[in-house]
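File shown: entry-v7.txt. Contents: compact mmCIF, C-alpha atoms.
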# COMPACT_ATOMS: atom_id res chain seq x y z
CA MET W 24 17.96 12.44 44.70
CA ILE W 25 14.17 12.42 44.93
CA TYR W 26 13.14 12.74 41.29
CA PHE W 27 9.82 14.53 40.82
CA ASP W 28 10.35 15.82 37.25
CA ASN W 29 8.81 12.90 35.38
CA ALA W 30 6.56 15.11 33.23
CA ALA W 31 9.73 16.40 31.57
CA THR W 32 11.43 13.00 31.27
CA GLY W 33 10.60 9.81 33.14
CA GLY W 34 13.13 8.87 35.77
CA PHE W 35 12.45 5.13 35.85
CA LYS W 36 13.32 2.69 33.08
CA ALA W 37 12.39 -0.97 33.26
CA ALA W 38 15.31 -3.39 32.93
CA ALA W 39 14.02 -4.68 29.59
CA VAL W 40 13.97 -1.11 28.24
CA THR W 41 17.59 -0.27 29.04
CA GLU W 42 18.74 -3.73 27.98
CA ALA W 43 17.06 -3.30 24.59
CA ALA W 44 18.83 0.02 24.05
CA VAL W 45 22.22 -1.33 25.14
CA THR W 46 21.85 -4.44 22.98
CA ALA W 47 21.03 -2.33 19.93
CA VAL W 48 24.06 -0.11 20.51
CA LYS W 49 26.46 -3.00 21.14
CA TYR W 50 25.34 -5.56 18.61
CA LEU W 51 23.08 -3.99 15.96
CA CYS W 52 25.36 -1.60 14.11
CA ALA W 53 23.51 -2.20 10.83
CA ASN W 54 20.87 0.14 9.42
CA PRO W 55 17.36 -1.41 9.46
CA GLY W 56 15.65 -1.31 6.09
CA ARG W 57 18.80 -0.50 4.15
CA SER W 58 20.51 -3.87 3.64
CA GLY W 59 19.56 -7.53 3.36
CA HIS W 60 22.10 -9.13 5.68
CA ARG W 61 21.28 -10.67 9.04
CA LEU W 62 22.01 -7.67 11.25
CA ALA W 63 19.97 -5.27 9.10
CA VAL W 64 17.05 -7.71 8.95
CA THR W 65 17.20 -8.18 12.73
CA GLY W 66 17.05 -4.43 13.21
CA ALA W 67 14.10 -4.16 10.82
CA LYS W 68 12.23 -6.84 12.77
CA ILE W 69 12.77 -4.91 16.01
CA VAL W 70 11.39 -1.75 14.40
CA LEU W 71 8.34 -3.61 13.10
CA SER W 72 7.76 -5.22 16.49
CA ALA W 73 7.81 -1.79 18.15
CA ARG W 74 5.32 -0.43 15.59
CA GLU W 75 3.00 -3.34 16.26
CA ALA W 76 3.28 -2.92 20.03
CA LEU W 77 2.32 0.75 19.81
CA ALA W 78 -0.49 0.06 17.34
CA ALA W 79 -1.93 -2.50 19.75
CA MET W 80 -1.53 -0.23 22.78
CA PHE W 81 -3.50 2.63 21.19
CA ASN W 82 -5.85 0.49 19.07
CA ALA W 83 -4.55 1.98 15.83
CA GLU W 84 -5.98 0.78 12.54
CA THR W 85 -2.63 -0.35 11.18
CA ALA W 86 1.01 -0.51 12.28
CA ASP W 87 2.07 0.97 8.91
CA ARG W 88 0.88 4.35 10.15
CA VAL W 89 2.93 4.31 13.32
CA ILE W 90 5.72 6.79 12.58
CA PHE W 91 8.83 7.08 14.74
CA THR W 92 10.14 10.53 15.62
CA LYS W 93 12.78 11.80 18.03
CA ASN W 94 10.17 13.29 20.40
CA ALA W 95 6.56 14.47 20.68
CA THR W 96 7.52 17.88 19.28
CA GLU W 97 8.58 16.35 15.98
CA ALA W 98 5.39 14.28 15.88
CA ILE W 99 3.27 17.41 16.45
CA ASN W 100 5.14 19.28 13.72
CA LEU W 101 4.46 16.42 11.33
CA ALA W 102 0.78 16.42 12.27
CA LEU W 103 0.30 20.17 11.90
CA GLN W 104 2.60 20.96 8.99
CA GLY W 105 1.79 17.74 7.15
CA THR W 106 -1.96 18.49 7.08
CA ALA W 107 -1.81 22.29 6.70
CA LYS W 108 -4.33 23.93 4.37
CA LYS W 109 -3.66 27.42 3.09
CA GLY W 110 -6.24 29.81 4.49
CA GLY W 111 -7.87 27.02 6.50
CA HIS W 112 -9.09 27.03 10.09
CA ILE W 113 -7.78 25.18 13.16
CA VAL W 114 -9.44 24.92 16.55
CA THR W 115 -7.22 24.37 19.59
CA THR W 116 -7.15 24.90 23.37
CA VAL W 117 -5.51 27.12 25.99
CA TYR W 118 -3.68 24.09 27.39
CA GLU W 119 -1.35 23.53 24.44
CA HIS W 120 2.43 23.23 24.66
CA ASN W 121 4.73 25.45 22.61
CA SER W 122 5.22 22.48 20.29
CA VAL W 123 1.73 23.39 19.10
CA TRP W 124 1.77 27.18 19.58
CA ARG W 125 5.01 27.80 17.70
CA THR W 126 3.98 25.53 14.86
CA LEU W 127 0.58 27.23 14.64
CA THR W 128 2.28 30.64 14.63
CA TYR W 129 4.44 29.46 11.71
CA LEU W 130 1.34 28.24 9.85
CA GLN W 131 -0.44 31.53 10.48
CA GLU W 132 2.50 33.50 9.11
CA ARG W 133 3.32 31.25 6.15
CA CYS W 134 -0.01 29.70 5.17
CA GLY W 135 -2.60 32.18 6.40
CA VAL W 136 -4.10 29.56 8.71
CA ARG W 137 -6.67 30.97 11.15
CA VAL W 138 -6.70 29.67 14.73
CA SER W 139 -9.49 29.67 17.31
CA VAL W 140 -8.57 29.03 20.95
CA THR W 141 -11.04 27.33 23.31
CA ASP W 142 -11.17 26.04 26.88
CA GLY W 143 -10.84 22.49 25.55
CA THR W 144 -14.37 21.27 26.34
CA ALA W 145 -16.38 19.51 23.66
CA ALA W 146 -19.04 22.25 23.79
CA ALA W 147 -16.50 25.05 23.28
CA ILE W 148 -14.82 23.19 20.44
CA LYS W 149 -18.16 22.60 18.76
CA ALA W 150 -19.03 26.28 19.04
CA ALA W 151 -15.71 27.26 17.44
CA LEU W 152 -16.09 25.05 14.36
CA THR W 153 -16.58 26.73 11.00
CA ALA W 154 -17.21 25.47 7.49
CA ASP W 155 -13.47 25.53 6.76
CA THR W 156 -12.24 23.95 10.00
CA TYR W 157 -9.95 21.17 8.83
CA LEU W 158 -8.22 20.25 12.10
CA VAL W 159 -8.86 20.27 15.84
CA MET W 160 -5.71 20.09 17.99
CA VAL W 161 -6.25 19.07 21.61
CA ASN W 162 -3.85 18.63 24.51
CA HIS W 163 -5.10 15.45 26.20
CA VAL W 164 -3.49 16.21 29.57
CA SER W 165 -2.04 19.57 30.58
CA ASN W 166 1.63 19.42 31.48
CA VAL W 167 0.98 22.37 33.80
CA THR W 168 -2.07 21.33 35.84
CA GLY W 169 -2.76 17.68 34.97
CA ARG W 170 -6.20 18.60 33.63
CA GLU W 171 -7.62 15.93 31.27
CA ALA W 172 -9.64 16.62 28.14
CA ASP W 173 -12.61 14.37 27.36
CA LEU W 174 -11.38 12.78 24.13
CA ALA W 175 -14.48 10.64 23.65
CA ALA W 176 -16.82 13.63 23.92
CA ILE W 177 -14.70 15.70 21.53
CA GLY W 178 -14.48 12.80 19.10
CA GLU W 179 -18.25 12.42 19.16
CA THR W 180 -18.66 16.13 18.46
CA LEU W 181 -16.40 15.87 15.42
CA LYS W 182 -17.84 12.63 14.08
CA LYS W 183 -20.10 14.27 11.50
CA THR W 184 -17.58 16.92 10.42
CA ASN W 185 -14.63 16.81 8.05
CA ALA W 186 -12.21 18.02 10.73
CA ILE W 187 -9.19 15.92 11.63
CA PHE W 188 -8.99 15.21 15.36
CA ALA W 189 -5.35 15.45 16.51
CA CYS W 190 -4.22 14.88 20.09
CA ASP W 191 -1.06 15.74 21.97
CA CYS W 192 -0.73 12.77 24.31
CA ALA W 193 2.76 13.57 25.60
CA GLN W 194 1.53 13.59 29.21
CA SER W 195 -1.09 10.85 28.97
CA ALA W 196 0.51 8.07 26.91
CA GLY W 197 1.64 5.39 29.31
CA HIS W 198 -0.56 6.69 32.14
CA THR W 199 -4.04 5.81 30.91
CA PRO W 200 -5.60 3.63 28.18
CA ILE W 201 -6.16 5.58 24.95
CA ASP W 202 -8.30 3.92 22.28
CA MET W 203 -7.96 5.91 19.07
CA GLN W 204 -10.84 4.23 17.29
CA LYS W 205 -13.22 4.38 20.25
CA CYS W 206 -12.47 8.08 20.87
CA GLY W 207 -12.46 9.04 17.20
CA VAL W 208 -8.87 10.27 17.31
CA ASN W 209 -7.36 10.57 13.82
CA ILE W 210 -3.84 11.59 14.85
CA LEU W 211 -2.03 10.82 18.09
CA CYS W 212 1.32 12.41 18.99
CA ALA W 213 3.36 11.27 21.98
CA ALA W 214 6.79 11.09 23.56
CA GLY W 215 8.55 7.86 24.32
CA HIS W 216 10.59 9.17 27.26
CA LYS W 217 7.82 10.33 29.62
CA GLY W 218 4.98 8.10 30.84
CA MET W 219 5.78 5.49 28.21
CA GLY W 220 9.02 4.73 30.06
CA GLY W 221 11.31 4.73 27.03
CA ILE W 222 14.55 6.62 26.60
CA MET W 223 15.21 10.12 25.29
CA GLY W 224 15.29 10.42 21.52
CA SER W 225 12.01 8.58 21.03
CA GLY W 226 8.56 9.77 20.06
CA PHE W 227 5.80 8.65 17.71
CA LEU W 228 2.95 9.75 15.50
CA ILE W 229 0.00 7.42 14.84
CA PHE W 230 -2.75 8.22 12.35
CA ASP W 231 -5.71 6.44 10.78
CA LYS W 232 -6.32 5.28 7.22
CA LYS W 233 -8.51 8.22 6.22
CA THR W 234 -5.90 10.78 7.21
CA GLU W 235 -3.07 11.75 4.88
CA ILE W 236 0.05 13.50 6.15
CA ARG W 237 2.58 15.11 3.85
CA PRO W 238 6.29 14.71 4.66
CA VAL W 239 8.24 17.65 6.03
CA LEU W 240 11.58 15.86 5.76
CA PHE W 241 12.86 14.25 2.57
CA GLY W 242 15.62 11.75 1.88
CA GLY W 243 16.63 8.12 1.76
CA THR W 244 14.17 5.47 2.90
CA GLY W 245 15.74 2.30 1.52
CA THR W 246 12.80 1.95 -0.88
CA GLU W 247 12.20 3.16 -4.46
CA SER W 248 15.79 4.37 -4.59
CA ARG W 249 15.66 5.01 -8.35
CA SER W 250 13.13 7.77 -7.74
CA THR W 251 14.11 11.26 -6.57
CA SER W 252 10.60 11.75 -5.19
CA GLN W 253 9.49 10.74 -1.71
CA PRO W 254 7.61 7.40 -1.53
CA LEU W 255 3.83 7.63 -1.35
CA PHE W 256 3.37 4.78 1.12
CA TYR W 257 3.74 4.73 4.89
CA PRO W 258 5.73 4.53 7.09
CA GLU W 259 8.59 5.27 4.65
CA ARG W 260 6.90 8.44 3.36
CA LEU W 261 7.42 10.11 6.75
CA GLU W 262 10.62 8.42 7.92
CA SER W 263 13.63 9.66 5.96
CA GLY W 264 17.16 8.86 7.03
CA THR W 265 18.52 6.48 9.63
CA LEU W 266 16.14 5.58 12.44
CA ASN W 267 17.16 5.73 16.09
CA LEU W 268 17.21 1.96 16.53
CA PRO W 269 18.32 1.93 20.21
CA ALA W 270 15.51 4.32 21.18
CA ILE W 271 12.93 2.44 19.09
CA ALA W 272 14.00 -0.91 20.53
CA ALA W 273 13.68 0.54 24.02
CA LEU W 274 10.27 2.06 23.21
CA GLY W 275 8.96 -1.26 21.94
CA GLU W 276 9.95 -2.93 25.21
CA ALA W 277 8.51 -0.01 27.18
CA ALA W 278 5.13 -0.39 25.47
CA GLU W 279 5.08 -4.09 26.33
CA TYR W 280 5.98 -3.29 29.94
CA VAL W 281 3.55 -0.41 30.48
CA ARG W 282 0.45 -1.72 28.69
CA PRO W 283 -0.52 -4.48 31.17
CA ASN W 284 0.28 -2.19 34.12
CA LEU W 285 -1.75 0.88 33.09
CA LYS W 286 -4.46 0.35 35.72
CA ILE W 287 -2.14 -0.07 38.69
CA PHE W 288 0.11 2.76 37.49
CA ALA W 289 -2.88 5.12 37.24
CA GLU W 290 -4.07 4.14 40.71
CA THR W 291 -0.61 4.72 42.15
CA LEU W 292 -0.29 8.15 40.54
CA TYR W 293 -3.70 9.13 41.85
CA THR W 294 -2.70 8.04 45.35
CA LEU W 295 0.51 10.08 45.19
CA THR W 296 -1.14 13.23 43.82
CA ASP W 297 -4.00 12.91 46.28
CA ALA W 298 -1.56 12.66 49.20
CA LEU W 299 0.47 15.68 48.05
CA VAL W 300 -2.58 17.83 47.32
CA ALA W 301 -4.01 17.05 50.76
CA GLU W 302 -0.79 18.12 52.50
CA LEU W 303 -0.20 21.23 50.40
CA LYS W 304 -3.73 22.43 51.12
CA LYS W 305 -2.66 22.73 54.75
CA LEU W 306 -0.03 25.33 53.83
CA PRO W 307 -1.66 28.78 53.64
CA ALA W 308 1.31 30.34 51.83
CA LEU W 309 0.71 28.11 48.78
CA ARG W 310 -1.90 28.21 46.06
CA LEU W 311 -2.69 24.94 44.33
CA TYR W 312 -3.52 24.68 40.63
CA SER W 313 -4.02 20.91 40.41
CA GLU W 314 -6.49 18.32 41.64
CA PRO W 315 -5.61 14.67 42.32
CA ASN W 316 -5.12 12.97 38.94
CA ARG W 317 -3.92 9.82 37.18
CA PHE W 318 -1.06 11.63 35.48
CA GLY W 319 1.13 12.48 38.45
CA ILE W 320 1.07 16.29 38.08
CA VAL W 321 0.69 18.74 40.98
CA SER W 322 1.48 22.43 40.46
CA PHE W 323 1.45 25.31 42.93
CA ALA W 324 2.64 28.85 43.56
CA ALA W 325 4.26 30.19 46.73
CA GLU W 326 3.27 33.67 47.86
CA LYS W 327 6.75 35.07 48.43
CA ILE W 328 9.01 32.87 46.30
CA ALA W 329 9.15 32.69 42.50
CA SER W 330 8.68 29.19 41.14
CA ALA W 331 12.17 28.95 39.65
CA GLN W 332 13.72 30.00 42.97
CA PHE W 333 11.59 27.49 44.86
CA ALA W 334 12.72 24.73 42.50
CA ASP W 335 16.36 25.79 42.83
CA ILE W 336 16.19 25.63 46.64
CA LEU W 337 14.63 22.18 46.50
CA SER W 338 17.44 20.99 44.26
CA GLU W 339 20.38 22.67 45.99
CA GLU W 340 19.38 22.19 49.63
CA TYR W 341 17.16 19.11 49.63
CA ASP W 342 18.22 17.19 46.50
CA ILE W 343 14.67 17.12 45.19
CA ALA W 344 14.12 17.58 41.46
CA VAL W 345 11.03 19.49 40.31
CA ARG W 346 10.43 22.09 37.62
CA GLY W 347 9.62 25.76 38.01
CA GLY W 348 8.63 28.30 35.36
CA LEU W 349 6.16 28.31 32.47
CA HIS W 350 6.71 24.70 31.34
CA CYS W 351 6.67 25.76 27.65
CA ALA W 352 2.92 26.39 27.91
CA PRO W 353 2.49 30.19 28.03
CA VAL W 354 -1.19 30.49 27.14
CA ILE W 355 -2.52 28.44 30.05
CA HIS W 356 -0.29 30.43 32.41
CA GLU W 357 -1.81 33.63 31.02
CA ARG W 358 -5.27 32.17 31.64
CA LEU W 359 -4.29 31.20 35.21
CA GLY W 360 -2.65 34.55 35.89
CA THR W 361 0.73 32.91 36.60
CA GLU W 362 2.62 34.15 33.55
CA ARG W 363 5.06 36.27 35.57
CA ASP W 364 6.58 33.69 37.94
CA GLY W 365 5.09 30.44 36.65
CA LEU W 366 4.41 27.47 38.91
CA VAL W 367 6.34 24.82 40.77
CA ARG W 368 5.46 21.50 39.15
CA VAL W 369 5.86 18.20 40.98
CA SER W 370 5.43 15.27 38.61
CA PHE W 371 5.45 11.66 39.78
CA ALA W 372 6.24 8.31 38.23
CA PRO W 373 4.44 5.20 39.50
CA GLN W 374 7.73 4.16 41.10
CA ASN W 375 7.75 7.17 43.44
CA THR W 376 6.62 6.63 47.04
CA LEU W 377 4.56 8.21 49.79
CA LYS W 378 7.76 8.44 51.83
CA GLU W 379 9.20 10.70 49.14
CA VAL W 380 6.01 12.78 49.19
CA ALA W 381 6.43 13.26 52.94
CA ALA W 382 10.03 14.36 52.44
CA PHE W 383 8.91 16.91 49.85
CA VAL W 384 6.21 18.34 52.11
CA LYS W 385 8.71 18.67 54.95
CA ALA W 386 11.12 20.53 52.65
CA ALA W 387 8.35 22.80 51.33
CA ARG W 388 7.36 23.76 54.88
CA ARG W 389 10.93 24.70 55.72
CA ILE W 390 11.33 26.78 52.57
CA LEU W 391 8.11 28.66 53.30
CA GLN W 392 9.13 29.30 56.91
CA THR W 393 12.43 30.75 55.75
CA ALA W 394 10.65 33.08 53.35
CA ILE W 395 8.45 34.63 56.04
What is this structure when it is put down as structure tokens?
Amino acid sequence: MIYFDNAATGGFKAAAVTEAAVTAVKYLCANPGRSGHRLAVTGAKIVLSAREALAAMFNAETADRVIFTKNATEAINLALQGTAKKGGHIVTTVYEHNSVWRTLTYLQERCGVRVSVTDGTAAAIKAALTADTYLVMVNHVSNVTGREADLAAIGETLKKTNAIFACDCAQSAGHTPIDMQKCGVNILCAAGHKGMGGIMGSGFLIFDKKTEIRPVLFGGTGTESRSTSQPLFYPERLESGTLNLPAIAALGEAAEYVRPNLKIFAETLYTLTDALVAELKKLPALRLYSEPNRFGIVSFAAEKIASAQFADILSEEYDIAVRGGLHCAPVIHERLGTERDGLVRVSFAPQNTLKEVAAFVKAARRILQTAI
């Protein structure tokens, strides 16, 4: 199979990543942070090492505020629900994923939170700010078009306000350097199984020292066990229950693998998207919605074939995996006018090749010819 669905879940795992997960499953049956014997301590050291690797990769203030989740969705829920202010105001963008939209809808219904939606530019966000804006939620890279928000410009805009700057980096983490302190990002949410190159079941939330996040899950942490109240210190305050040690071990190795290769990976993804965009522009029956980018995303619509059908034909007849539909991001599709049939999304990993791109273009031509 030619796997072009990396924006959903990355198809390539480095050997060190899979080995770390397998080793944890086979040999580290103990629960990190719960016991004092050798296996538990070894597991705890692996967890700490992964926190430190992620803190270094994103220039976080401290590894204590690197929180492990099962995916980016859980991290976003923590960020939004854990900072919610009754009757407060949030500014966001049309590019957000349903991880954001559905959580914001919940906060509107339950907490009376007001939400302003912008085009994601620093100027539009600045214009939407009010005296009671307590959080700005920005999708760094659109999972639909590959469009990138200017985090540094937005961070500069928010520097003299009291608003928390939260970013959904599900599609950018592992594809481009992200410096939280340089960009003024207070909260970063990301998946471990996409560009980071980890395995499914991994995600993370990173936040700075001036930001406080309330827990939304309560339970055992292995600390302060005499108390029936949740600990006040991080990371335990936000990590109740048994951690996914195999996924965390894999994510730690993934961060070490990806970090020194970010530049070459970004260049490769740009080359692949540039090549595909150039070829698809030659096909008059297609409309493109992406420009060449460092995140490996190219989306398009066919005149006579719905996106889901196009994706199904690619899978069934050509063994090429892409994604059709709305990609869990309904608002940007409404803005693009593609809410009825959605788009076909091709999403690359750095390990994909120009030969595979050529095979895709050949298949797309045949599908379009059949539809005439």
Around (-4.1, 20.7, 20.4), as given in the file, which residues come within 7 Å? Count all atoms listed in the file and list them as a PDB file with C-alpha atoms, in the frame of the given file.
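What follows is the written file point_33.pdb:
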ATOM      1  CA  THR W 115      -7.220  24.370  19.590  1.00  0.00           C
ATOM      2  CA  THR W 116      -7.150  24.900  23.370  1.00  0.00           C
ATOM      3  CA  GLU W 119      -1.350  23.530  24.440  1.00  0.00           C
ATOM      4  CA  VAL W 123       1.730  23.390  19.100  1.00  0.00           C
ATOM      5  CA  VAL W 159      -8.860  20.270  15.840  1.00  0.00           C
ATOM      6  CA  MET W 160      -5.710  20.090  17.990  1.00  0.00           C
ATOM      7  CA  VAL W 161      -6.250  19.070  21.610  1.00  0.00           C
ATOM      8  CA  ASN W 162      -3.850  18.630  24.510  1.00  0.00           C
ATOM      9  CA  ALA W 189      -5.350  15.450  16.510  1.00  0.00           C
ATOM     10  CA  CYS W 190      -4.220  14.880  20.090  1.00  0.00           C
ATOM     11  CA  ASP W 191      -1.060  15.740  21.970  1.00  0.00           C
TER      12      ASP W 191
END
Kindly indicate which residue among W:Ala78, W:Cys351, W:Thr244, W:His356 lies nearest to Ser58 in chain W, using all atoms listed in the file for the distances. W:Thr244
Contact residues around Leu299 in chain W with all atoms listed in the file at 8 Å, ignoring same-chain residues under 2 positions, as a VMD selection string: chain W and resid 295 to 297 301 to 303 321 380 384
W:Ile210, W:Ile148, W:Ala102, W:Val45 ranked by distance to Leu261 in chain W, top pick (using all atoms listed in the file):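 Counting all atoms listed in the file, the residue closest to Leu261 in chain W is W:Ala102.
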As a list of chain:residue names, please: the residues near Lys205 in chain W (cut-off 9 Å, all atoms listed in the file, same-chain neighbours under 4 positions excluded). W:Asn82, W:Ala175, W:Gly178, W:Ile201
Using only C-alpha atoms, find all polymer residues with an atom at most 12 Å away from the point (-17.6, 26.7, 9.8); report them as a list in words.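 Applying the cut-off with only C-alpha atoms, one gets Gly111, His112, Ile113, Val114, Arg137, Ser139, Ile148, Lys149, Ala150, Ala151, Leu152, Thr153, Ala154, Asp155, Thr156, Tyr157, Leu158, Thr184, Asn185 and Ala186 of chain W.
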Atoms kept (C-alpha atoms) for selection, written as a PDB file, keeping the file's coordinate frame:
ATOM      1  CA  GLY W 111      -7.870  27.020   6.500  1.00  0.00           C
ATOM      2  CA  HIS W 112      -9.090  27.030  10.090  1.00  0.00           C
ATOM      3  CA  ILE W 113      -7.780  25.180  13.160  1.00  0.00           C
ATOM      4  CA  VAL W 114      -9.440  24.920  16.550  1.00  0.00           C
ATOM      5  CA  ARG W 137      -6.670  30.970  11.150  1.00  0.00           C
ATOM      6  CA  SER W 139      -9.490  29.670  17.310  1.00  0.00           C
ATOM      7  CA  ILE W 148     -14.820  23.190  20.440  1.00  0.00           C
ATOM      8  CA  LYS W 149     -18.160  22.600  18.760  1.00  0.00           C
ATOM      9  CA  ALA W 150     -19.030  26.280  19.040  1.00  0.00           C
ATOM     10  CA  ALA W 151     -15.710  27.260  17.440  1.00  0.00           C
ATOM     11  CA  LEU W 152     -16.090  25.050  14.360  1.00  0.00           C
ATOM     12  CA  THR W 153     -16.580  26.730  11.000  1.00  0.00           C
ATOM     13  CA  ALA W 154     -17.210  25.470   7.490  1.00  0.00           C
ATOM     14  CA  ASP W 155     -13.470  25.530   6.760  1.00  0.00           C
ATOM     15  CA  THR W 156     -12.240  23.950  10.000  1.00  0.00           C
ATOM     16  CA  TYR W 157      -9.950  21.170   8.830  1.00  0.00           C
ATOM     17  CA  LEU W 158      -8.220  20.250  12.100  1.00  0.00           C
ATOM     18  CA  THR W 184     -17.580  16.920  10.420  1.00  0.00           C
ATOM     19  CA  ASN W 185     -14.630  16.810   8.050  1.00  0.00           C
ATOM     20  CA  ALA W 186     -12.210  18.020  10.730  1.00  0.00           C
TER      21      ALA W 186
END
Can you list, as number ranges by chain, every protein, DNA or RNA residue that comes within 8 Å of range 391-393 of chain W when you count only C-alpha atoms, leaving out same-chain residues fewer than 4 positions away? W: 308, 325, 387
Can you work out the spacing between CA of Ala213 in chain W and CA of Ile69 in chain W in Å, to one decimal?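 These atoms are spaced 19.6 Å apart.
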Rank W:Glu235, W:Glu290, W:Glu339, W:Asp364 by their smallest atom-to-atom distance to Arg317 in chain W, using all atoms listed in the file, and report the top residue only.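 With all atoms listed in the file as the atom set, the closest residue is W:Glu290.
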Pick the closest to Gly275 in chain W from W:His350, W:Lys68, W:Lys304, W:Arg363: which is it, counting all atoms listed in the file?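 Under the stated criterion, the closest residue is W:Lys68.
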Find the distance between CA of Lys93 in chain W and CA of Gly226 in chain W and write it in Å to one decimal.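 Straight-line distance from CA of Lys93 in chain W to CA of Gly226 in chain W works out to 5.1 Å.
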